[in-house]
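Q: The structure file entry_4.cif (mmCIF, C-alpha atoms) is provided below.
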data_start
#
loop_
_atom_site.label_atom_id
_atom_site.label_comp_id
_atom_site.auth_asym_id
_atom_site.auth_seq_id
_atom_site.Cartn_x
_atom_site.Cartn_y
_atom_site.Cartn_z
CA MET A 1 261.91 105.68 -96.77
CA ALA A 2 262.52 108.61 -99.02
CA THR A 3 260.79 111.86 -98.23
CA LEU A 4 259.88 114.92 -100.19
CA GLN A 5 262.96 117.05 -100.46
CA ALA A 6 263.04 120.66 -99.34
CA LYS A 7 263.59 121.61 -102.97
CA THR A 8 260.28 120.02 -103.97
CA VAL A 9 258.37 121.70 -101.15
CA GLN A 10 259.96 125.03 -102.03
CA ALA A 11 259.12 124.59 -105.70
CA LEU A 12 255.48 123.84 -104.84
CA GLN A 13 255.30 126.98 -102.73
CA ASP A 14 257.03 129.25 -105.24
CA ASN A 15 254.86 128.19 -108.16
CA ARG A 16 251.58 128.30 -106.29
CA ILE A 17 249.92 130.77 -108.67
CA ASP A 18 250.86 128.78 -111.77
CA LEU A 19 249.77 125.52 -110.17
CA LEU A 20 246.45 127.05 -109.21
CA ASN A 21 245.77 128.21 -112.77
CA GLU A 22 246.73 124.92 -114.36
CA TRP A 23 244.78 122.98 -111.76
CA THR A 24 241.63 125.03 -112.37
CA HIS A 25 241.98 124.50 -116.12
CA SER A 26 242.43 120.80 -115.68
CA LEU A 27 239.42 120.66 -113.35
CA GLU A 28 237.27 122.40 -115.92
CA ALA A 29 238.54 120.10 -118.65
CA THR A 30 237.51 116.97 -116.75
CA GLY A 31 234.07 118.39 -116.03
CA ALA A 32 234.54 118.11 -112.27
CA THR A 33 233.31 121.66 -111.77
CA ARG A 34 229.93 121.12 -113.34
CA ASN A 35 227.04 122.35 -111.15
CA LEU A 36 229.51 124.25 -108.97
CA LYS A 37 229.96 127.99 -108.73
CA GLY A 38 233.21 129.28 -110.25
CA ASP A 39 233.96 131.35 -107.17
CA ASP A 40 233.53 128.37 -104.88
CA VAL A 41 235.93 126.26 -106.92
CA LYS A 42 238.49 129.06 -106.92
CA GLN A 43 238.16 129.45 -103.17
CA GLN A 44 238.44 125.71 -102.55
CA THR A 45 241.45 125.15 -104.80
CA GLY A 46 243.25 128.12 -103.25
CA ASP A 47 242.49 126.94 -99.72
CA PHE A 48 243.63 123.44 -100.48
CA LEU A 49 246.95 124.55 -101.97
CA ASN A 50 247.59 126.75 -98.92
CA LEU A 51 246.81 123.88 -96.56
CA LEU A 52 248.98 121.52 -98.58
CA ALA A 53 251.90 123.92 -98.56
CA ASP A 54 251.49 124.55 -94.81
CA ALA A 55 251.35 120.86 -94.00
CA LEU A 56 254.40 120.09 -96.13
CA HIS A 57 256.27 123.00 -94.64
CA ASN A 58 255.48 122.06 -91.03
CA GLY A 59 256.12 118.37 -91.00
CA GLY A 60 256.91 117.12 -94.40
CA SER A 61 255.60 113.80 -93.19
CA GLN A 62 254.15 111.64 -95.90
CA ASN A 63 251.63 109.97 -93.64
CA ILE A 64 248.34 111.82 -94.08
CA ASN A 65 247.05 110.38 -90.82
CA HIS A 66 249.69 112.45 -89.03
CA GLU A 67 248.35 115.38 -87.01
CA ASN A 68 250.11 117.85 -89.32
CA TRP A 69 247.52 116.88 -91.90
CA ALA A 70 244.52 117.29 -89.60
CA GLN A 71 243.54 120.62 -91.13
CA THR A 72 243.84 119.27 -94.66
CA ARG A 73 241.80 116.19 -93.80
CA LEU A 74 239.10 118.32 -92.21
CA PHE A 75 239.01 120.52 -95.29
CA LEU A 76 238.63 117.51 -97.59
CA GLU A 77 235.91 116.02 -95.39
CA LYS A 78 233.91 119.24 -95.57
CA LEU A 79 234.49 119.43 -99.30
CA SER A 80 233.34 115.89 -100.05
CA HIS A 81 230.35 116.33 -97.73
CA SER A 82 229.24 119.44 -99.63
CA ARG A 83 229.80 117.63 -102.95
CA ALA A 84 227.65 114.73 -101.77
CA LEU A 85 224.83 117.10 -100.86
CA VAL A 86 225.03 118.86 -104.26
CA GLY A 87 224.62 115.44 -105.87
CA GLN A 88 228.02 115.00 -107.53
CA ASP A 89 229.22 111.46 -108.02
CA SER A 90 232.35 109.97 -106.49
CA GLN A 91 234.40 110.36 -109.67
CA GLN A 92 233.77 114.09 -109.91
CA THR A 93 234.63 114.52 -106.25
CA ALA A 94 237.82 112.48 -106.49
CA SER A 95 239.06 114.30 -109.58
CA PHE A 96 239.27 117.44 -107.44
CA ILE A 97 242.49 116.00 -106.01
CA PHE A 98 243.62 113.88 -108.93
CA ALA A 99 243.46 116.81 -111.36
CA LEU A 100 246.27 118.39 -109.35
CA LYS A 101 248.64 115.57 -110.32
CA GLY A 102 249.23 116.78 -113.87
CA PRO A 103 250.38 120.31 -113.01
CA VAL A 104 252.53 119.08 -110.10
CA PHE A 105 254.23 116.42 -112.21
CA ALA A 106 254.98 118.98 -114.94
CA LEU A 107 256.46 121.29 -112.33
CA LEU A 108 258.68 118.58 -110.89
CA GLN A 109 259.84 117.64 -114.35
CA ARG A 110 261.06 121.20 -114.89
CA GLU A 111 262.74 121.35 -111.46
CA TYR A 112 264.58 118.05 -111.73
CA ALA A 113 265.31 118.17 -115.46
CA ASN A 114 268.93 117.16 -114.88
CA ASP A 115 268.50 114.40 -112.29
CA GLY A 116 266.50 111.42 -113.49
CA ALA A 117 266.84 109.36 -110.30
CA GLN A 118 265.71 112.20 -108.04
CA LEU A 119 262.83 113.04 -110.38
CA ALA A 120 261.52 109.48 -110.25
CA GLU A 121 261.78 109.37 -106.47
CA GLN A 122 260.06 112.69 -105.91
CA LEU A 123 257.34 111.92 -108.45
CA TRP A 124 256.60 108.70 -106.58
CA GLU A 125 256.38 110.49 -103.25
CA VAL A 126 254.09 113.24 -104.55
CA SER A 127 251.96 110.65 -106.27
CA GLU A 128 251.63 108.62 -103.05
CA LEU A 129 250.68 111.73 -101.11
CA LEU A 130 248.02 112.91 -103.57
CA ASP A 131 246.61 109.38 -103.90
CA GLY A 132 246.28 109.19 -100.13
CA LEU A 133 244.44 112.51 -100.02
CA GLY A 134 242.25 111.47 -102.94
CA MET A 135 241.29 108.20 -101.27
CA HIS A 136 240.47 110.06 -98.08
CA THR A 137 238.15 112.32 -100.08
CA ILE A 138 236.39 109.36 -101.67
CA ARG A 139 236.02 107.60 -98.34
CA THR A 140 234.39 110.57 -96.64
CA PHE A 141 232.28 111.17 -99.73
CA GLN A 142 231.01 107.61 -99.50
CA LYS A 143 230.30 108.01 -95.80
CA SER A 144 228.29 111.18 -96.39
CA ARG A 145 226.25 109.46 -99.07
CA GLU A 146 225.59 106.46 -96.85
CA ALA A 147 224.48 108.76 -94.03
CA VAL A 148 222.01 110.43 -96.42
CA ILE A 149 220.63 107.05 -97.55
CA LYS A 150 220.32 105.79 -93.98
CA ARG A 151 218.43 108.88 -92.88
CA GLN A 152 216.05 108.56 -95.80
CA GLN A 153 215.41 104.90 -94.98
CA GLU A 154 214.56 105.76 -91.41
CA GLU A 155 212.22 108.52 -92.54
CA LEU A 156 210.49 106.11 -94.92
CA LEU A 157 210.06 103.63 -92.09
CA GLU A 158 208.46 106.30 -89.93
CA LEU A 159 206.25 107.58 -92.73
CA SER A 160 204.81 104.30 -93.83
CA THR A 161 203.30 102.88 -90.66
CA PRO A 162 200.23 104.86 -89.66
CA VAL A 163 197.53 103.02 -87.70
CA VAL A 164 194.16 104.69 -88.21
CA LYS A 165 190.93 104.24 -86.31
CA LEU A 166 188.04 103.60 -88.67
CA TRP A 167 185.29 103.02 -86.15
CA ASP A 168 184.93 102.45 -82.45
CA GLY A 169 186.72 99.11 -82.10
CA VAL A 170 188.03 98.94 -85.65
CA LEU A 171 191.63 99.80 -86.53
CA ALA A 172 193.08 99.93 -90.04
CA LEU A 173 196.66 99.75 -91.21
CA PRO A 174 197.21 100.83 -94.81
CA MET A 175 200.50 99.25 -95.87
CA ILE A 176 202.48 101.00 -98.57
CA GLY A 177 205.64 99.70 -100.19
CA THR A 178 207.51 96.43 -100.03
CA LEU A 179 207.39 94.53 -96.77
CA ASP A 180 210.68 93.37 -95.30
CA SER A 181 211.47 91.92 -91.88
CA GLN A 182 212.39 95.23 -90.31
CA ARG A 183 209.29 97.03 -91.56
CA THR A 184 207.02 94.19 -90.58
CA GLN A 185 208.48 94.30 -87.09
CA VAL A 186 207.80 98.05 -86.74
CA VAL A 187 204.33 97.71 -88.25
CA MET A 188 203.44 94.75 -86.05
CA GLU A 189 204.61 96.47 -82.88
CA SER A 190 202.75 99.71 -83.54
CA LEU A 191 199.56 97.89 -84.54
CA LEU A 192 199.59 95.56 -81.51
CA GLN A 193 200.28 98.48 -79.18
CA ARG A 194 197.36 100.42 -80.65
CA ILE A 195 195.10 97.38 -80.22
CA VAL A 196 195.97 97.26 -76.53
CA ASP A 197 195.63 101.04 -76.11
CA THR A 198 192.25 101.32 -77.80
CA GLY A 199 190.86 97.89 -76.93
CA SER A 200 189.89 97.38 -80.56
CA GLU A 201 188.50 93.99 -81.46
CA ILE A 202 189.12 94.10 -85.19
CA ALA A 203 192.19 95.15 -87.14
CA ILE A 204 192.15 95.56 -90.91
CA ILE A 205 195.45 95.32 -92.79
CA ASP A 206 195.10 96.90 -96.21
CA ILE A 207 197.72 95.71 -98.72
CA THR A 208 196.56 97.77 -101.72
CA GLY A 209 199.85 99.64 -101.63
CA VAL A 210 202.05 96.56 -101.47
CA PRO A 211 203.44 96.08 -104.99
CA THR A 212 204.22 92.35 -104.84
CA VAL A 213 203.58 89.47 -102.50
CA ASP A 214 206.11 86.65 -102.37
CA THR A 215 206.52 83.83 -99.87
CA LEU A 216 208.47 86.05 -97.48
CA VAL A 217 205.89 88.83 -97.50
CA ALA A 218 203.11 86.29 -97.01
CA GLN A 219 205.01 84.82 -94.07
CA HIS A 220 205.34 88.27 -92.52
CA LEU A 221 201.61 88.86 -93.00
CA LEU A 222 200.75 85.52 -91.42
CA LYS A 223 202.97 86.30 -88.44
CA THR A 224 201.18 89.58 -87.89
CA VAL A 225 197.79 87.92 -88.19
CA THR A 226 198.79 85.24 -85.69
CA ALA A 227 200.12 87.80 -83.21
CA ILE A 228 196.87 89.75 -83.45
CA ARG A 229 194.88 86.58 -82.84
CA LEU A 230 197.01 85.69 -79.81
CA MET A 231 196.24 89.11 -78.37
CA GLY A 232 192.56 88.31 -78.64
CA ALA A 233 191.58 90.49 -81.60
CA ASP A 234 190.51 89.57 -85.13
CA CYS A 235 192.34 90.45 -88.30
CA ILE A 236 191.03 91.05 -91.81
CA ILE A 237 193.34 91.46 -94.79
CA SER A 238 191.92 93.70 -97.48
CA GLY A 239 193.04 95.12 -100.80
CA VAL A 240 194.04 91.83 -102.41
CA ARG A 241 194.45 92.79 -106.06
CA PRO A 242 193.81 90.23 -108.84
CA GLN A 243 197.52 89.84 -109.70
CA ILE A 244 198.38 89.34 -106.05
CA ALA A 245 195.62 86.76 -105.62
CA GLN A 246 197.01 84.91 -108.66
CA THR A 247 200.55 85.06 -107.27
CA ILE A 248 199.43 83.74 -103.91
CA VAL A 249 197.62 80.80 -105.51
CA HIS A 250 200.51 80.06 -107.90
CA LEU A 251 203.00 80.06 -105.05
CA GLY A 252 200.75 77.64 -103.17
CA LEU A 253 200.68 79.86 -100.09
CA ASP A 254 198.34 78.76 -97.36
CA LEU A 255 196.26 81.69 -96.18
CA GLN A 256 193.64 79.51 -94.54
CA GLY A 257 192.27 80.88 -91.33
CA VAL A 258 192.90 84.41 -92.59
CA VAL A 259 189.89 86.45 -93.67
CA THR A 260 190.65 88.27 -96.91
CA LYS A 261 188.59 90.90 -98.71
CA ALA A 262 189.01 92.56 -102.08
CA ASN A 263 188.84 96.10 -100.80
CA LEU A 264 188.79 98.15 -97.64
CA ALA A 265 185.06 98.96 -97.90
CA ASP A 266 184.13 95.26 -97.82
CA ALA A 267 186.43 94.70 -94.88
CA LEU A 268 184.88 97.60 -92.97
CA ALA A 269 181.38 96.32 -93.77
CA LEU A 270 182.32 92.90 -92.37
CA ALA A 271 183.89 94.46 -89.30
CA LEU A 272 180.76 96.50 -88.59
CA LYS A 273 178.59 93.43 -89.08
CA ARG A 274 180.68 91.54 -86.53
CA LEU A 275 180.36 94.44 -84.11
CA GLY A 276 176.59 94.36 -84.63
CA VAL A 277 176.46 97.85 -86.12
CA ASN A 278 173.78 98.53 -88.75
CA ILE A 279 174.19 101.31 -91.26
CA SER A 280 171.29 102.53 -93.36
CA LYS A 281 170.55 105.53 -95.52
CA ALA A 282 168.47 108.28 -94.01
CA VAL A 283 165.22 108.40 -95.97
CA MET B 1 205.97 77.04 -51.90
CA GLU B 2 204.91 79.67 -54.40
CA ARG B 3 201.60 78.95 -56.10
CA ILE B 4 199.37 80.67 -58.59
CA PRO B 5 195.88 81.08 -57.09
CA ILE B 6 192.90 79.56 -58.88
CA LEU B 7 189.64 81.37 -58.10
CA GLN B 8 186.20 79.88 -58.58
CA MET B 9 183.39 82.04 -59.98
CA GLY B 10 180.26 79.93 -60.34
CA GLU B 11 180.96 77.33 -62.97
CA PHE B 12 184.11 79.09 -64.15
CA LEU B 13 187.66 79.04 -62.87
CA LEU B 14 189.78 82.17 -62.97
CA VAL B 15 193.58 81.99 -63.14
CA THR B 16 195.48 85.26 -62.91
CA ILE B 17 199.20 85.08 -63.47
CA GLN B 18 200.64 88.06 -61.61
CA VAL B 19 204.24 86.97 -61.24
CA ASP B 20 207.03 86.01 -63.58
CA MET B 21 206.38 82.42 -64.59
CA HIS B 22 209.23 80.04 -64.01
CA ASP B 23 209.27 76.42 -65.03
CA GLN B 24 208.34 74.84 -61.69
CA LEU B 25 205.52 77.33 -61.17
CA ALA B 26 204.05 76.46 -64.56
CA LEU B 27 204.21 72.72 -63.82
CA THR B 28 202.53 73.23 -60.42
CA LEU B 29 199.80 75.33 -62.06
CA GLN B 30 199.17 72.58 -64.58
CA ASP B 31 198.71 70.01 -61.80
CA ASP B 32 196.60 72.31 -59.60
CA LEU B 33 194.31 73.37 -62.43
CA SER B 34 193.59 69.88 -63.72
CA GLU B 35 192.88 68.73 -60.19
CA ARG B 36 190.54 71.71 -59.56
CA ILE B 37 188.65 71.19 -62.82
CA SER B 38 187.97 67.57 -61.98
CA ARG B 39 186.97 68.42 -58.37
CA THR B 40 184.61 71.32 -59.22
CA SER B 41 183.57 70.05 -62.67
CA ALA B 42 184.07 73.58 -63.96
CA ARG B 43 182.68 74.38 -67.43
CA GLY B 44 185.16 77.11 -68.32
CA VAL B 45 188.63 78.40 -67.47
CA LEU B 46 189.79 81.98 -67.95
CA ILE B 47 193.54 82.56 -67.89
CA ASP B 48 194.62 86.18 -67.51
CA ILE B 49 198.24 86.78 -68.54
CA SER B 50 198.11 90.59 -68.75
CA ALA B 51 200.85 90.91 -66.13
CA LEU B 52 203.14 88.51 -67.95
CA ASP B 53 205.68 90.51 -69.91
CA MET B 54 208.26 87.84 -70.67
CA VAL B 55 207.92 84.33 -72.08
CA ASP B 56 210.25 81.66 -73.34
CA SER B 57 209.44 78.63 -75.44
CA PHE B 58 208.79 76.47 -72.35
CA ILE B 59 206.24 78.88 -70.84
CA GLY B 60 204.68 79.30 -74.28
CA ARG B 61 204.27 75.55 -74.56
CA MET B 62 202.87 75.35 -71.01
CA ILE B 63 200.19 77.91 -71.87
CA GLY B 64 199.22 75.76 -74.85
CA THR B 65 199.27 72.58 -72.75
CA ILE B 66 197.13 74.05 -69.98
CA SER B 67 194.52 75.19 -72.53
CA GLY B 68 194.62 71.78 -74.18
CA LEU B 69 194.17 69.79 -70.98
CA SER B 70 191.28 71.97 -69.79
CA ARG B 71 189.54 71.42 -73.10
CA ILE B 72 189.96 67.67 -72.81
CA MET B 73 188.39 67.84 -69.34
CA ASP B 74 185.36 69.54 -70.96
CA ALA B 75 186.15 73.04 -69.77
CA GLN B 76 186.30 75.79 -72.41
CA THR B 77 189.47 77.86 -72.09
CA VAL B 78 190.02 81.50 -72.97
CA LEU B 79 193.37 83.23 -72.76
CA VAL B 80 193.11 86.98 -72.15
CA GLY B 81 195.29 90.06 -72.01
CA MET B 82 198.39 88.93 -73.87
CA GLN B 83 200.90 91.77 -74.16
CA PRO B 84 202.15 92.76 -77.65
CA ALA B 85 205.75 91.82 -76.79
CA VAL B 86 204.62 88.37 -75.62
CA ALA B 87 202.54 87.84 -78.77
CA ILE B 88 205.47 88.82 -81.00
CA THR B 89 207.84 86.55 -79.08
CA LEU B 90 205.50 83.56 -79.37
CA VAL B 91 205.03 84.14 -83.10
CA GLU B 92 208.78 84.47 -83.63
CA LEU B 93 209.26 81.23 -81.71
CA GLY B 94 206.82 79.60 -84.11
CA MET B 95 204.20 78.93 -81.41
CA ASN B 96 200.86 79.86 -82.92
CA LEU B 97 198.86 78.17 -80.11
CA PRO B 98 196.28 76.75 -82.53
CA GLY B 99 192.89 76.09 -81.02
CA VAL B 100 193.42 78.42 -78.07
CA ALA B 101 190.64 81.00 -77.78
CA THR B 102 191.84 84.50 -76.97
CA ALA B 103 190.31 87.82 -75.91
CA LEU B 104 191.60 91.32 -75.30
CA ASN B 105 190.57 91.67 -71.65
CA VAL B 106 188.84 89.80 -68.84
CA GLU B 107 185.41 91.31 -69.57
CA ARG B 108 185.40 90.21 -73.19
CA GLY B 109 186.98 86.92 -72.19
CA MET B 110 184.07 86.17 -69.81
CA LYS B 111 181.55 87.01 -72.53
CA LEU B 112 183.33 84.71 -74.99
CA LEU B 113 183.51 81.97 -72.36
CA ARG B 114 179.75 82.17 -71.64
CA ASP B 115 178.98 82.02 -75.38
CA ARG B 116 181.20 78.99 -75.82
CA VAL B 117 179.79 77.17 -72.81
CA GLU B 118 176.24 77.79 -74.04
CA HIS B 119 177.05 76.40 -77.47
CA SER B 120 179.01 73.37 -76.28
#
Output the file's structure in the form of structure tokens.
A:
Amino acid sequence: MATLQAKTVQALQDNRIDLLNEWTHSLEATGATRNLKGDDVKQQTGDFLNLLADALHNGGSQNINHENWAQTRLFLEKLSHSRALVGQDSQQTASFIFALKGPVFALLQREYANDGAQLAEQLWEVSELLDGLGMHTIRTFQKSREAVIKRQQEELLELSTPVVKLWDGVLALPMIGTLDSQRTQVVMESLLQRIVDTGSEIAIIDITGVPTVDTLVAQHLLKTVTAIRLMGADCIISGVRPQIAQTIVHLGLDLQGVVTKANLADALALALKRLGVNISKAV
Amino acid sequence: MERIPILQMGEFLLVTIQVDMHDQLALTLQDDLSERISRTSARGVLIDISALDMVDSFIGRMIGTISGLSRIMDAQTVLVGMQPAVAITLVELGMNLPGVATALNVERGMKLLRDRVEHS
């Protein structure tokens, strides 16, 4: 396999200042520096060129997984991570590397003006190298973004499952957002545990905040209701909005054996009645 | 041989499952309980499974069967103290135990049992 020749490496090192200028121009032209501070970009491009030159000088190996490239990889990982946090998209992040191609190719063309075969070979090698680095940047960028999304999902899961005590022996669970299997599992577990802990006889599940009810959501609800019944408590579903009631009937879902109420107040009134509690206005 | 004790309290029978149920134990309990109901003509059976923290489909079915056979022998049955994990497992297994009366703890279970016996 052909490698980058010493001449190429030397040329890259000697023309560092020119490359840096052209690279920065090309970055600005593609709009990759939007939302970024000019100083930061300057610092990053300079650092990257230094790292690139060092790595080429030390090993000259084309394999970016080689340990000679560890510093460069680390730098790119940090860079793409910071870009992900700023909210840049993958294209803007990737063009950080790919914008360097133009200036480098122009440089090589000048250096190898007299040797077509060598020029083609060296261009290919440089192109391979920069592509590899660019792909690495995109991959880490993607990973950072996925980590952000995953963390947000977990936070949502935590946020949306509060079990509140409405009365002595009455628990309520206001559901907000779409119900999926994972959420139902978390909700069911926390509700059942609270029923055991507090010895509550009645649990009210309020679905006012659930945007749509399909067969799957209804199945999840029924499972929860059944589990509550098996534990020896009663369950009331409240907050059935008109559209949701229509959907349930249209889908032909069987909610028999489940007590449903239009709003939380009605459900609480029923719960208190079952507990034998009377509420009256003070005269 | 290992057996689950069946205690008599007036016209009620009290079954407390304190150990991990295995298949043979469940079958023995079924035999013992039906025999005891017919001998004492008990009016109600209270099954406490608060110490049971693991079930499989067989044990789940046995719980249903035991409740069913007591009911046929004219004894009201109440299942008390099911743990959340057990309830979730049974639901995921598709065993809703229809017709089985449940209560949160023994005290409420006894109250429910008395009500049911009075009304039957």
Q: Residue by residue, what does the PyMOL selection byres ((chain A) within 10 of (chain B)) grab here? Present the result as an MDAnalysis selection string.
A: chainID A and resid 185 188:196 199:201 222:234
Q: Applied to this file, what does the PyMOL selection byres ((chain A and resi 40-55) around 7) return in terms of residues, put as an MDAnalysis selection string?
A: chainID A and resid 13 20 37:39 56:60 68:69 72
Q: Could you list, as a PyMOL selection string, every residue matched by the PyMOL selection byres ((chain B and resi 57-67) around 9) in this structure?
A: chain B and resi 21-23+26-27+29-30+33-34+45+47+55-56+68-72+76-79+89-90+93+95+97-101
Q: Can those selected residues be exported to a file as a PDB file, keeping the file's coordinate frame so that it contains C-alpha atoms?
A:
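Result saved to part-v4.pdb:
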ATOM      1  CA  MET B  21     206.380  82.420 -64.590  1.00  0.00           C
ATOM      2  CA  HIS B  22     209.230  80.040 -64.010  1.00  0.00           C
ATOM      3  CA  ASP B  23     209.270  76.420 -65.030  1.00  0.00           C
ATOM      4  CA  ALA B  26     204.050  76.460 -64.560  1.00  0.00           C
ATOM      5  CA  LEU B  27     204.210  72.720 -63.820  1.00  0.00           C
ATOM      6  CA  LEU B  29     199.800  75.330 -62.060  1.00  0.00           C
ATOM      7  CA  GLN B  30     199.170  72.580 -64.580  1.00  0.00           C
ATOM      8  CA  LEU B  33     194.310  73.370 -62.430  1.00  0.00           C
ATOM      9  CA  SER B  34     193.590  69.880 -63.720  1.00  0.00           C
ATOM     10  CA  VAL B  45     188.630  78.400 -67.470  1.00  0.00           C
ATOM     11  CA  ILE B  47     193.540  82.560 -67.890  1.00  0.00           C
ATOM     12  CA  VAL B  55     207.920  84.330 -72.080  1.00  0.00           C
ATOM     13  CA  ASP B  56     210.250  81.660 -73.340  1.00  0.00           C
ATOM     14  CA  GLY B  68     194.620  71.780 -74.180  1.00  0.00           C
ATOM     15  CA  LEU B  69     194.170  69.790 -70.980  1.00  0.00           C
ATOM     16  CA  SER B  70     191.280  71.970 -69.790  1.00  0.00           C
ATOM     17  CA  ARG B  71     189.540  71.420 -73.100  1.00  0.00           C
ATOM     18  CA  ILE B  72     189.960  67.670 -72.810  1.00  0.00           C
ATOM     19  CA  GLN B  76     186.300  75.790 -72.410  1.00  0.00           C
ATOM     20  CA  THR B  77     189.470  77.860 -72.090  1.00  0.00           C
ATOM     21  CA  VAL B  78     190.020  81.500 -72.970  1.00  0.00           C
ATOM     22  CA  LEU B  79     193.370  83.230 -72.760  1.00  0.00           C
ATOM     23  CA  THR B  89     207.840  86.550 -79.080  1.00  0.00           C
ATOM     24  CA  LEU B  90     205.500  83.560 -79.370  1.00  0.00           C
ATOM     25  CA  LEU B  93     209.260  81.230 -81.710  1.00  0.00           C
ATOM     26  CA  MET B  95     204.200  78.930 -81.410  1.00  0.00           C
ATOM     27  CA  LEU B  97     198.860  78.170 -80.110  1.00  0.00           C
ATOM     28  CA  PRO B  98     196.280  76.750 -82.530  1.00  0.00           C
ATOM     29  CA  GLY B  99     192.890  76.090 -81.020  1.00  0.00           C
ATOM     30  CA  VAL B 100     193.420  78.420 -78.070  1.00  0.00           C
ATOM     31  CA  ALA B 101     190.640  81.000 -77.780  1.00  0.00           C
TER      32      ALA B 101
END
Q: What does the distance from CA of Leu74 (chain A) to CA of Gly132 (chain A) come to in Å, to one decimal?
A: 14.1 Å
Q: Using only C-alpha atoms, which of the listed residues (A:Val249, A:Val9, A:Leu79, A:Ile205) sits closest to Val126 (chain A)?
A: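 Of the candidates, the smallest distance to Val126 (chain A) is held by A:Val9.
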Q: Could you check which residues have any atom within 12 Å of (185.2, 103.3, -82.2), counting all atoms listed in the file with coordinates taken straight from the file, and then list them as a list in words?
A: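 The requested residues, written out, are Val164, Lys165, Leu166, Trp167, Asp168, Gly169, Val170, Leu171, Ala172, Ile195, Thr198, Gly199, Ser200, Glu201, Ile202, Ala203, Ala271, Leu272, Leu275 and Val277 of chain A.
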Q: So what do you get for CA of Asp206 (chain A) versus CA of Met175 (chain A), distance-wise?
A: 5.9 Å
Q: What is the CA of Ser238 (chain A)-CA of Leu251 (chain A) distance in Å, reported with one decimal?
A: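 Between CA of Ser238 (chain A) and CA of Leu251 (chain A) the gap works out to 19.1 Å.
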Q: Let me make sure I understand: among A:Glu67, A:Glu146, A:Glu28, A:Glu111, which one has the smallest atom-to-atom distance to Asn15 (chain A) if we use all atoms listed in the file?
A: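 Comparing A:Glu67, A:Glu146, A:Glu28, A:Glu111 against Asn15 (chain A), the winner is A:Glu111.
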Q: Can you tell me, as a PyMOL selection string, which residues sit within 7 Å of (248.1, 110.7, -99.6) in the file's frame, using only C-alpha atoms?
A: chain A and resi 63-64+128-134
Q: Using all atoms listed in the file, which of B:Gln24, B:Arg36, B:Val106, B:Leu14 sits nearest Glu2 (chain B)?
A: B:Gln24
Q: For each of B:Val15, B:Leu46, B:Thr40, B:Arg3, take the minimum atom-to-atom distance to Leu113 (chain B), counting all atoms listed in the file, then give the residue where this is smallest.
A: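 Among B:Val15, B:Leu46, B:Thr40, B:Arg3, it is B:Leu46 that comes nearest to Leu113 (chain B).
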Q: Got a sec: who's within 10 Å of Ile244 (chain A), counting all atoms listed in the file, leaving out chain neighbours fewer than 4 positions off, as an mmCIF file with C-alpha atoms, keeping the file's coordinate frame?
A:
data_model
loop_
_atom_site.group_PDB
_atom_site.id
_atom_site.type_symbol
_atom_site.label_atom_id
_atom_site.label_comp_id
_atom_site.auth_asym_id
_atom_site.auth_seq_id
_atom_site.Cartn_x
_atom_site.Cartn_y
_atom_site.Cartn_z
ATOM 1 C CA ILE A 207 197.720 95.710 -98.720
ATOM 2 C CA THR A 208 196.560 97.770 -101.720
ATOM 3 C CA VAL A 210 202.050 96.560 -101.470
ATOM 4 C CA PRO A 211 203.440 96.080 -104.990
ATOM 5 C CA THR A 212 204.220 92.350 -104.840
ATOM 6 C CA VAL A 213 203.580 89.470 -102.500
ATOM 7 C CA ASP A 214 206.110 86.650 -102.370
ATOM 8 C CA GLY A 239 193.040 95.120 -100.800
ATOM 9 C CA VAL A 240 194.040 91.830 -102.410
ATOM 10 C CA ILE A 248 199.430 83.740 -103.910
ATOM 11 C CA VAL A 249 197.620 80.800 -105.510
ATOM 12 C CA HIS A 250 200.510 80.060 -107.900
#
Q: I'd like the neighbourhood of Arg43 (chain B) as a ChimeraX atom specification, where a residue qualifies if any of its atoms comes within 6 Å (using all atoms listed in the file), though same-chain residues fewer than 5 positions away should be ignored.
A: /B:11-12,75
Q: Build an axis-aligned box that encloses every atom of region 5-17 of chain B listed in the file, pad it by 5 Å on each side, and report its centre and edge lengths in Å to one decimal, as lines of an AutoDock Vina configuration file.
A:
center_x = 189.7
center_y = 81.3
center_z = -60.6
size_x = 28.9
size_y = 17.9
size_z = 17.1
Q: Considering all atoms listed in the file, return as an mmCIF file with C-alpha atoms, in the coordinates of the input whatever protein or nucleic-acid residues lie within 9 Å of Leu12 (chain A), sequence-local ones (same chain, fewer than 3 positions apart) excluded.
A:
data_model
loop_
_atom_site.group_PDB
_atom_site.id
_atom_site.type_symbol
_atom_site.label_atom_id
_atom_site.label_comp_id
_atom_site.auth_asym_id
_atom_site.auth_seq_id
_atom_site.Cartn_x
_atom_site.Cartn_y
_atom_site.Cartn_z
ATOM 1 C CA LYS A 7 263.590 121.610 -102.970
ATOM 2 C CA THR A 8 260.280 120.020 -103.970
ATOM 3 C CA VAL A 9 258.370 121.700 -101.150
ATOM 4 C CA ASN A 15 254.860 128.190 -108.160
ATOM 5 C CA ARG A 16 251.580 128.300 -106.290
ATOM 6 C CA LEU A 19 249.770 125.520 -110.170
ATOM 7 C CA ALA A 53 251.900 123.920 -98.560
ATOM 8 C CA VAL A 104 252.530 119.080 -110.100
ATOM 9 C CA LEU A 107 256.460 121.290 -112.330
ATOM 10 C CA LEU A 108 258.680 118.580 -110.890
#
